[in-house]
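Coordinates as given in structure30.tsv (TSV, C-alpha atoms and all ligand atoms):
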```tsv
chain	number	residue	atom	x	y	z
A	63	MET	CA	-31.19	21.75	3.71
A	64	ALA	CA	-31.35	18.28	2.15
A	65	SER	CA	-28.04	17.06	0.76
A	66	LEU	CA	-27.40	18.12	-2.82
A	67	ILE	CA	-25.48	14.92	-3.49
A	68	ASP	CA	-27.34	12.87	-6.09
A	69	PRO	CA	-27.49	9.34	-4.62
A	70	ARG	CA	-27.98	7.82	-8.10
A	71	TYR	CA	-24.82	9.33	-9.57
A	72	PRO	CA	-21.24	8.34	-8.65
A	73	LEU	CA	-19.75	10.45	-5.89
A	74	CYS	CA	-16.08	11.17	-6.69
A	75	GLU	CA	-13.40	13.07	-4.84
A	76	LEU	CA	-10.23	13.99	-6.69
A	77	HIS	CA	-8.16	15.99	-4.18
A	78	ARG	CA	-7.49	14.23	-0.87
A	79	HIS	CA	-4.02	13.82	0.67
A	80	LEU	CA	-3.71	10.41	2.29
A	81	ASP	CA	-0.82	11.74	4.38
A	82	GLY	CA	-3.18	14.52	5.55
A	83	SER	CA	-5.78	11.99	6.52
A	84	VAL	CA	-4.67	9.87	9.49
A	85	ARG	CA	-7.32	8.93	12.07
A	86	LEU	CA	-6.80	10.07	15.67
A	87	GLY	CA	-7.30	6.45	16.78
A	88	THR	CA	-4.55	5.33	14.41
A	89	LEU	CA	-2.18	8.01	15.71
A	90	LEU	CA	-2.76	6.70	19.26
A	91	ASP	CA	-2.45	3.02	18.20
A	92	LEU	CA	0.80	3.53	16.30
A	93	ALA	CA	2.27	5.64	19.10
A	94	ARG	CA	1.45	2.88	21.63
A	95	GLU	CA	2.82	0.15	19.35
A	96	HIS	CA	6.11	1.95	18.72
A	97	ASP	CA	6.52	3.70	22.05
A	98	LEU	CA	6.27	7.20	20.55
A	99	ALA	CA	5.41	10.29	22.60
A	100	LEU	CA	2.22	12.14	21.58
A	101	PRO	CA	0.91	15.22	23.40
A	102	ALA	CA	-2.24	13.37	24.61
A	103	LYS	CA	-3.53	9.89	25.40
A	104	THR	CA	-7.14	10.06	24.19
A	105	GLU	CA	-8.73	11.06	20.89
A	106	GLU	CA	-10.56	13.90	22.60
A	107	ASP	CA	-7.38	15.36	24.11
A	108	LEU	CA	-5.35	14.76	20.95
A	109	ALA	CA	-7.84	16.45	18.61
A	110	PRO	CA	-6.83	20.08	19.40
A	111	HIS	CA	-3.19	19.23	18.60
A	112	VAL	CA	-4.07	17.83	15.18
A	113	HIS	CA	-7.32	19.41	14.00
A	114	ILE	CA	-7.63	23.03	12.98
A	115	ASP	CA	-10.30	25.03	14.73
A	116	GLY	CA	-10.35	28.48	13.16
A	117	ALA	CA	-7.42	29.08	10.82
A	118	GLU	CA	-3.66	28.91	10.56
A	119	PRO	CA	-2.02	32.19	9.48
A	120	GLY	CA	-0.87	30.81	6.10
A	121	LEU	CA	-0.15	27.72	3.98
A	122	LEU	CA	3.22	26.99	5.61
A	123	ALA	CA	1.77	27.18	9.13
A	124	PHE	CA	-1.01	24.85	7.93
A	125	LEU	CA	1.57	22.36	6.63
A	126	ALA	CA	3.36	22.45	10.00
A	127	ARG	CA	0.14	20.94	11.39
A	128	PHE	CA	1.13	17.62	9.78
A	129	HIS	CA	3.75	17.15	12.53
A	130	TRP	CA	1.96	14.44	14.55
A	131	LEU	CA	0.75	12.64	11.42
A	132	LEU	CA	4.33	12.26	10.20
A	133	GLU	CA	5.58	11.32	13.66
A	134	VAL	CA	3.71	7.98	13.56
A	135	LEU	CA	4.83	6.94	10.04
A	136	VAL	CA	7.60	4.83	11.55
A	137	ASP	CA	7.77	2.12	8.90
A	138	GLU	CA	6.19	0.87	5.69
A	139	ALA	CA	3.51	-1.05	7.59
A	140	ALA	CA	2.30	2.23	9.09
A	141	CYS	CA	2.14	3.80	5.61
A	142	ARG	CA	0.23	0.78	4.29
A	143	ARG	CA	-2.25	1.01	7.19
A	144	VAL	CA	-2.88	4.71	6.61
A	145	ALA	CA	-3.48	4.15	2.87
A	146	PHE	CA	-5.85	1.22	3.60
A	147	GLU	CA	-7.82	3.21	6.19
A	148	ASN	CA	-8.14	6.14	3.79
A	149	VAL	CA	-10.09	3.85	1.46
A	150	GLU	CA	-12.27	2.63	4.33
A	151	ASP	CA	-13.00	6.25	5.31
A	152	ALA	CA	-13.86	7.08	1.69
A	153	ALA	CA	-16.32	4.14	1.65
A	154	ARG	CA	-17.92	5.34	4.90
A	155	GLU	CA	-18.40	8.78	3.36
A	156	GLY	CA	-20.25	7.23	0.43
A	157	LEU	CA	-17.56	7.85	-2.19
A	158	ASP	CA	-17.59	5.61	-5.26
A	159	TYR	CA	-14.23	6.82	-6.57
A	160	VAL	CA	-11.43	8.63	-4.77
A	161	GLU	CA	-8.11	9.93	-5.98
A	162	LEU	CA	-5.70	9.81	-3.04
A	163	ARG	CA	-2.44	11.69	-3.29
A	164	PHE	CA	0.73	11.44	-1.23
A	165	SER	CA	4.31	12.68	-1.14
A	166	PRO	CA	6.72	9.79	-0.49
A	167	ALA	CA	9.56	12.14	0.51
A	168	PHE	CA	7.32	13.95	3.02
A	169	MET	CA	6.11	10.64	4.49
A	170	ALA	CA	9.63	9.20	4.58
A	171	GLU	CA	11.46	12.15	6.09
A	172	ARG	CA	10.76	11.95	9.83
A	173	HIS	CA	11.86	8.32	10.28
A	174	GLY	CA	14.34	8.09	7.41
A	175	LEU	CA	12.28	5.60	5.37
A	176	ASP	CA	13.10	4.61	1.80
A	177	PRO	CA	10.73	6.72	-0.38
A	178	ARG	CA	10.39	3.84	-2.86
A	179	GLY	CA	9.26	1.56	-0.03
A	180	VAL	CA	6.73	4.23	0.98
A	181	VAL	CA	5.31	4.29	-2.56
A	182	GLU	CA	5.03	0.48	-2.61
A	183	ALA	CA	3.31	0.50	0.78
A	184	CYS	CA	0.78	3.15	-0.29
A	185	VAL	CA	0.02	1.30	-3.55
A	186	ASP	CA	-0.39	-1.97	-1.66
A	187	GLY	CA	-2.59	-0.44	1.08
A	188	ALA	CA	-4.81	1.35	-1.43
A	189	ARG	CA	-5.20	-1.79	-3.58
A	190	SER	CA	-6.18	-3.87	-0.53
A	191	GLY	CA	-8.65	-1.17	0.49
A	192	GLN	CA	-10.16	-1.11	-2.98
A	193	ARG	CA	-10.71	-4.89	-2.88
A	194	GLU	CA	-12.09	-4.83	0.67
A	195	PHE	CA	-14.38	-1.80	0.53
A	196	GLY	CA	-15.45	-1.63	-3.13
A	197	VAL	CA	-14.37	1.99	-3.61
A	198	ARG	CA	-12.41	2.55	-6.78
A	199	VAL	CA	-9.08	4.30	-6.05
A	200	GLY	CA	-6.67	6.28	-8.21
A	201	LEU	CA	-3.33	7.18	-6.61
A	202	ILE	CA	-1.51	10.43	-7.39
A	203	GLY	CA	2.15	10.83	-6.45
A	204	ILE	CA	3.23	14.23	-5.17
A	205	LEU	CA	6.50	16.06	-5.66
A	206	SER	CA	7.01	18.23	-2.56
A	207	ARG	CA	8.33	21.41	-4.17
A	208	THR	CA	9.48	22.73	-0.76
A	209	TYR	CA	12.42	20.27	-0.81
A	210	GLY	CA	13.77	21.80	-4.05
A	211	VAL	CA	14.46	20.73	-7.61
A	212	GLU	CA	17.02	17.94	-7.00
A	213	ALA	CA	15.11	16.32	-4.16
A	214	CYS	CA	11.98	16.37	-6.33
A	215	ALA	CA	13.89	14.56	-9.09
A	216	ARG	CA	14.73	11.81	-6.58
A	217	GLU	CA	11.14	11.77	-5.34
A	218	LEU	CA	10.03	11.31	-8.93
A	219	ASP	CA	12.47	8.37	-9.34
A	220	ALA	CA	10.72	6.67	-6.41
A	221	LEU	CA	7.28	7.35	-7.91
A	222	LEU	CA	8.15	6.23	-11.43
A	223	ALA	CA	9.57	2.98	-10.09
A	224	CYS	CA	5.92	2.18	-9.23
A	225	ALA	CA	4.31	4.06	-12.12
A	226	ASP	CA	1.80	1.29	-12.81
A	227	GLY	CA	0.32	1.86	-9.35
A	228	LEU	CA	-0.38	5.54	-10.06
A	229	VAL	CA	-2.75	7.54	-12.25
A	230	GLY	CA	-0.98	10.88	-12.04
A	231	VAL	CA	1.57	13.21	-10.45
A	232	ASP	CA	1.07	16.51	-8.61
A	233	LEU	CA	3.29	19.29	-7.29
A	234	ALA	CA	2.45	20.50	-3.74
A	235	GLY	CA	4.01	22.45	-0.85
A	236	ASP	CA	5.38	25.99	-0.94
A	237	GLU	CA	3.87	27.36	-4.16
A	238	ALA	CA	5.11	30.92	-3.74
A	239	GLY	CA	8.70	29.91	-2.86
A	240	PHE	CA	9.10	27.23	-5.56
A	241	PRO	CA	7.36	28.25	-8.81
A	242	ALA	CA	6.12	25.70	-11.32
A	243	GLY	CA	8.71	26.76	-13.94
A	244	LEU	CA	11.46	25.07	-11.88
A	245	PHE	CA	9.92	21.66	-12.47
A	246	VAL	CA	9.70	21.49	-16.28
A	247	PRO	CA	12.07	18.47	-16.65
A	248	HIS	CA	10.24	16.59	-13.91
A	249	PHE	CA	6.86	16.86	-15.58
A	250	ARG	CA	8.29	16.02	-19.00
A	251	ARG	CA	9.28	12.69	-17.42
A	252	VAL	CA	5.80	12.35	-15.87
A	253	ARG	CA	4.08	12.80	-19.22
A	254	GLU	CA	6.56	10.49	-20.99
A	255	ALA	CA	5.64	7.82	-18.42
A	256	GLY	CA	2.00	8.17	-19.52
A	257	LEU	CA	0.83	9.66	-16.23
A	258	ARG	CA	-1.71	12.46	-15.88
A	259	VAL	CA	-0.85	15.88	-14.40
A	260	THR	CA	-2.56	18.00	-11.76
A	261	ILE	CA	-0.75	20.87	-10.02
A	262	HIS	CA	-1.39	22.82	-6.79
A	263	ALA	CA	-1.54	26.41	-8.10
A	264	GLY	CA	-3.43	29.64	-7.59
A	265	GLU	CA	-3.74	28.88	-3.87
A	266	ALA	CA	-0.77	30.66	-2.23
A	267	ASP	CA	0.33	32.48	-5.40
A	268	GLY	CA	-1.41	34.38	-8.20
A	269	PRO	CA	-2.68	33.68	-11.74
A	270	GLU	CA	0.81	33.42	-13.30
A	271	SER	CA	1.35	30.29	-11.19
A	272	VAL	CA	-1.76	28.75	-12.81
A	273	TRP	CA	-0.68	29.82	-16.32
A	274	SER	CA	2.79	28.34	-15.77
A	275	SER	CA	1.40	25.07	-14.39
A	276	ILE	CA	-0.67	24.64	-17.56
A	277	ARG	CA	1.82	26.00	-20.10
A	278	ASP	CA	5.09	24.66	-18.65
A	279	LEU	CA	4.03	21.49	-16.83
A	280	GLY	CA	1.01	20.35	-18.84
A	281	ALA	CA	-1.50	20.51	-15.98
A	282	GLU	CA	-4.86	19.02	-16.98
A	283	ARG	CA	-6.44	20.07	-13.69
A	284	ILE	CA	-5.49	22.61	-11.05
A	285	GLY	CA	-5.49	22.01	-7.28
A	286	HIS	CA	-7.36	24.98	-5.75
A	287	GLY	CA	-6.74	27.52	-8.55
A	288	PHE	CA	-9.16	30.10	-7.16
A	289	ARG	CA	-6.70	32.97	-7.64
A	290	ALA	CA	-7.30	32.51	-11.39
A	291	ALA	CA	-10.25	34.82	-10.66
A	292	GLU	CA	-7.75	37.74	-10.58
A	293	ASP	CA	-7.05	37.40	-14.33
A	294	PRO	CA	-10.04	37.63	-16.71
A	295	ALA	CA	-8.00	36.16	-19.60
A	296	LEU	CA	-7.20	33.10	-17.47
A	297	VAL	CA	-10.84	32.73	-16.41
A	298	ALA	CA	-11.87	32.77	-20.07
A	299	PHE	CA	-9.10	30.27	-20.95
A	300	LEU	CA	-10.17	27.84	-18.19
A	301	ALA	CA	-13.82	28.09	-19.21
A	302	GLU	CA	-12.96	27.49	-22.86
A	303	THR	CA	-10.56	24.57	-22.37
A	304	GLY	CA	-12.45	22.83	-19.54
A	305	ILE	CA	-9.29	22.63	-17.42
A	306	GLY	CA	-11.06	22.19	-14.09
A	307	LEU	CA	-10.37	23.35	-10.55
A	308	GLU	CA	-10.20	21.01	-7.56
A	309	CYS	CA	-11.95	23.26	-5.09
A	310	CYS	CA	-11.35	22.67	-1.34
A	311	PRO	CA	-13.31	25.45	0.43
A	312	THR	CA	-12.69	24.56	4.09
A	313	SER	CA	-8.99	23.94	3.51
A	314	ASN	CA	-8.77	27.43	1.98
A	315	LEU	CA	-10.19	28.95	5.18
A	316	HIS	CA	-7.77	26.87	7.27
A	317	THR	CA	-4.74	28.10	5.28
A	318	SER	CA	-6.06	31.70	5.44
A	319	THR	CA	-5.89	31.90	1.65
A	320	VAL	CA	-9.63	32.72	1.67
A	321	ARG	CA	-11.05	34.65	4.62
A	322	ARG	CA	-14.66	33.49	4.71
A	323	TYR	CA	-16.75	30.93	2.80
A	324	GLU	CA	-18.87	33.84	1.55
A	325	ASP	CA	-15.76	35.43	-0.06
A	326	HIS	CA	-14.69	32.29	-1.94
A	327	PRO	CA	-13.82	33.19	-5.57
A	328	ILE	CA	-15.21	29.84	-6.82
A	329	ARG	CA	-18.65	31.45	-7.04
A	330	GLY	CA	-17.56	33.97	-9.66
A	331	LEU	CA	-15.48	31.34	-11.45
A	332	ALA	CA	-18.45	28.97	-11.62
A	333	ASP	CA	-20.67	31.78	-12.92
A	334	ALA	CA	-18.06	32.35	-15.66
A	335	GLY	CA	-18.33	28.70	-16.71
A	336	VAL	CA	-15.15	27.33	-15.11
A	337	ARG	CA	-15.45	23.63	-14.32
A	338	PHE	CA	-14.79	22.55	-10.72
A	339	CYS	CA	-15.29	19.71	-8.26
A	340	LEU	CA	-15.53	19.71	-4.45
A	341	ASN	CA	-12.88	18.11	-2.21
A	342	THR	CA	-11.64	17.82	1.37
A	343	ASP	CA	-7.84	18.25	0.77
A	344	ASP	CA	-6.62	17.13	4.24
A	345	PRO	CA	-9.60	15.74	6.15
A	346	GLY	CA	-7.41	14.51	9.04
A	347	ILE	CA	-6.29	18.09	9.71
A	348	SER	CA	-9.48	19.94	8.77
A	349	ALA	CA	-11.75	17.35	10.49
A	350	ILE	CA	-14.29	17.33	7.65
A	351	THR	CA	-15.96	14.91	5.24
A	352	ILE	CA	-16.87	15.30	1.57
A	353	GLY	CA	-20.53	15.62	2.63
A	354	HIS	CA	-19.58	18.67	4.69
A	355	GLU	CA	-18.01	20.35	1.66
A	356	TYR	CA	-21.14	19.71	-0.44
A	357	ASP	CA	-23.28	21.16	2.37
A	358	ILE	CA	-21.28	24.36	2.84
A	359	ALA	CA	-20.85	24.85	-0.93
A	360	ALA	CA	-24.51	25.83	-1.17
A	361	SER	CA	-25.28	27.09	2.33
A	362	SER	CA	-22.14	29.22	2.91
A	363	VAL	CA	-20.07	29.58	-0.27
A	364	GLY	CA	-23.25	30.59	-2.09
A	365	LEU	CA	-23.07	28.28	-5.09
A	366	THR	CA	-26.49	27.53	-6.56
A	367	PRO	CA	-27.93	24.03	-6.08
A	368	ALA	CA	-27.56	23.54	-9.86
A	369	GLN	CA	-23.84	24.43	-9.68
A	370	VAL	CA	-23.27	22.01	-6.80
A	371	ARG	CA	-25.08	19.21	-8.65
A	372	GLN	CA	-23.06	19.97	-11.79
A	373	SER	CA	-19.84	19.78	-9.73
A	374	GLN	CA	-20.70	16.17	-8.79
A	375	LYS	CA	-20.95	15.36	-12.50
A	376	ASP	CA	-17.77	17.29	-13.31
A	377	ALA	CA	-15.85	15.39	-10.61
A	378	LEU	CA	-16.40	12.22	-12.64
A	379	GLU	CA	-15.68	14.06	-15.92
A	380	MET	CA	-12.41	15.43	-14.50
A	381	ALA	CA	-11.30	12.08	-13.00
A	382	PHE	CA	-8.09	10.46	-14.24
A	383	LEU	CA	-10.07	7.49	-15.57
A	384	SER	CA	-10.77	6.22	-19.08
A	385	ASP	CA	-14.17	6.95	-20.66
A	386	ASP	CA	-15.04	3.25	-20.31
A	387	ASP	CA	-14.22	3.29	-16.60
A	388	LYS	CA	-16.40	6.39	-16.13
A	389	LYS	CA	-19.31	4.69	-17.90
A	390	GLU	CA	-18.78	1.59	-15.76
A	391	LEU	CA	-18.95	3.67	-12.54
A	392	ILE	CA	-22.25	5.20	-13.70
A	393	LYS	CA	-23.64	1.76	-14.57
A	394	GLN	CA	-22.57	0.27	-11.23
A	395	LYS	CA	-24.17	3.15	-9.34
A	396	VAL	CA	-27.47	2.73	-11.18
A	397	GLU	CA	-27.39	-1.02	-10.40
A	398	LYS	CA	-26.62	-0.33	-6.72
A	399	THR	CA	-29.44	2.17	-6.30
A	400	ASN	CA	-32.15	0.20	-8.15
A	501	LIG	N1	-0.08	19.69	1.00
A	501	LIG	C1	-1.15	19.32	1.73
A	501	LIG	N2	-2.13	20.25	1.64
A	501	LIG	C2	-1.66	21.21	0.81
A	501	LIG	C3	-2.19	22.44	0.32
A	501	LIG	N3	-3.42	22.86	0.65
A	501	LIG	N4	-1.41	23.19	-0.49
A	501	LIG	C4	-0.17	22.78	-0.82
A	501	LIG	N5	0.38	21.64	-0.39
A	501	LIG	C5	-0.36	20.86	0.42
A	502	ZN	ZN	-3.88	19.70	-1.58
```
What do you get writing this file as structure tokens?
Ligand code: ADE
Ligand code: ZN
Amino acid sequence: MASLIDPRYPLCELHRHLDGSVRLGTLLDLAREHDLALPAKTEEDLAPHVHIDGAEPGLLAFLARFHWLLEVLVDEAACRRVAFENVEDAAREGLDYVELRFSPAFMAERHGLDPRGVVEACVDGARSGQREFGVRVGLIGILSRTYGVEACARELDALLACADGLVGVDLAGDEAGFPAGLFVPHFRRVREAGLRVTIHAGEADGPESVWSSIRDLGAERIGHGFRAAEDPALVAFLAETGIGLECCPTSNLHTSTVRRYEDHPIRGLADAGVRFCLNTDDPGISAITIGHEYDIAASSVGLTPAQVRQSQKDALEMAFLSDDDKKELIKQKVEKTN
């Protein structure tokens, strides 16, 4: 099937973890440079230790897969390199705009880095990448809920110290163990700082997690969110308000939160008028590109070609950009393709 991506319209991805997106070659390079032990010496041999083939039994087992990616984040230069290469990879995939998200506490933990230094390095790397590769970038800071309420307050301090380098803040990690309602004060601070809000919800927990993320934290978009399909009132609310879902179909198979592409609830949600966009989530773990997600959305998930084309438009609509910036992206794309 020909690609459903419209080459004359901006291609945007809104849900990609830069700390879940480290190249195999970079893992090997950094390990060599810093004398770190990896389980293999070539990309081919390293791939099975990093990439998921099949599925992990659940979200937490999936997150344990980040082990080798975190192992090589030895200093701020490594974080800067990973952020820069994420933008280069986005350019190679044909993206015009990408929102890259990262958790400074998660990236800092293994080698005891200063989370504020990690934020500065990611902002610097992404800005350099934007200048070099011509892809527009929006950075989203993550609070890793798995570390608990106090640690997330400190993580937020690090993020807000660089607030002008960010477009928004997210909450990720163990959704079922650390419900959204615990993080009300954190997201009050986020909104007071003028940053936008997206929350991982309705992935490893049910519809109440989505309701709470919207009601208690002010989520304007939901990461994953497909379990909203279990509550007709929530489906109607999402359709009515236009609060959109950042859909990551392959990631959902890899976390065993959806069993098969054919079973993905996004089809019913889209039929009910819920807005969504397509994303890779953690391409360095799932070994996918945005083009792959557009391909399987129609061929395997069963979305209609019209729904997939609409999702490309909604990705730009849902972006944490001003209306003027959205218009500018459309204009630039028309100029590029004429
Ligand atoms: N961090 C990276 N990927 C994630 C996911 N799919 N859910 C929650 N936290 C994550
Ligand atoms: Zn995610």
(message) Counting only C-alpha atoms and all ligand atoms, what are the residues, protein, DNA or RNA alike, that approach ligand ZN 502 (chain A) to within 7 Å? I want them as a ChimeraX atom specification.
(response) /A:77-79,234,262,285,343-344
Please write the residues from the selection above to a file, keeping C-alpha atoms, as an mmCIF file, in the coordinates of the input.
```
data_model
loop_
_atom_site.group_PDB
_atom_site.id
_atom_site.type_symbol
_atom_site.label_atom_id
_atom_site.label_comp_id
_atom_site.auth_asym_id
_atom_site.auth_seq_id
_atom_site.Cartn_x
_atom_site.Cartn_y
_atom_site.Cartn_z
ATOM 1 C CA HIS A 77 -8.160 15.990 -4.180
ATOM 2 C CA ARG A 78 -7.490 14.230 -0.870
ATOM 3 C CA HIS A 79 -4.020 13.820 0.670
ATOM 4 C CA ALA A 234 2.450 20.500 -3.740
ATOM 5 C CA HIS A 262 -1.390 22.820 -6.790
ATOM 6 C CA GLY A 285 -5.490 22.010 -7.280
ATOM 7 C CA ASP A 343 -7.840 18.250 0.770
ATOM 8 C CA ASP A 344 -6.620 17.130 4.240
#
```
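A straight line drawn from atom CA of A:Ile204 to atom CA of A:His326 is 25.6 Å long.
Proximity to A:Asp376 was assessed for A:Pro72, A:His129, A:Gly268, A:Phe164 counting all atoms listed in the file; the smallest distance is recorded for A:Pro72.
Compared by their closest atoms to ligand LIG 501 (chain A), and using all atoms listed in the file, the residues A:Gly179, A:Pro311, A:Leu222, A:Asp97 rank with A:Pro311 nearest.
Relative to atom CA of A:Ile347, atom CA of A:Asp81 is found at 9.9 Å.
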(request) Name each residue within 10 Å of ligand LIG 501 (chain A), counting only C-alpha atoms and all ligand atoms, as a PyMOL selection string. (result) chain A and resi 77-83+120-122+124-128+163-165+168+204-208+232-237+261-266+285-286+310+313-314+316-317+319+342-345+347
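Checking A:Ala334, A:Ala238, A:Ala167, A:Val112 one by one against A:Ser271, counting only C-alpha atoms, you find the shortest gap at A:Ala238.
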(request) Just the residues within 7 Å of stretch 142-159 of chain A, please, counting all atoms listed in the file, with nothing from its chain fewer than 6 positions along; format it as a PyMOL selection string. (result) chain A and resi 72-75+80+83-84+183-184+186-188+190-192+195+197-199+351-352
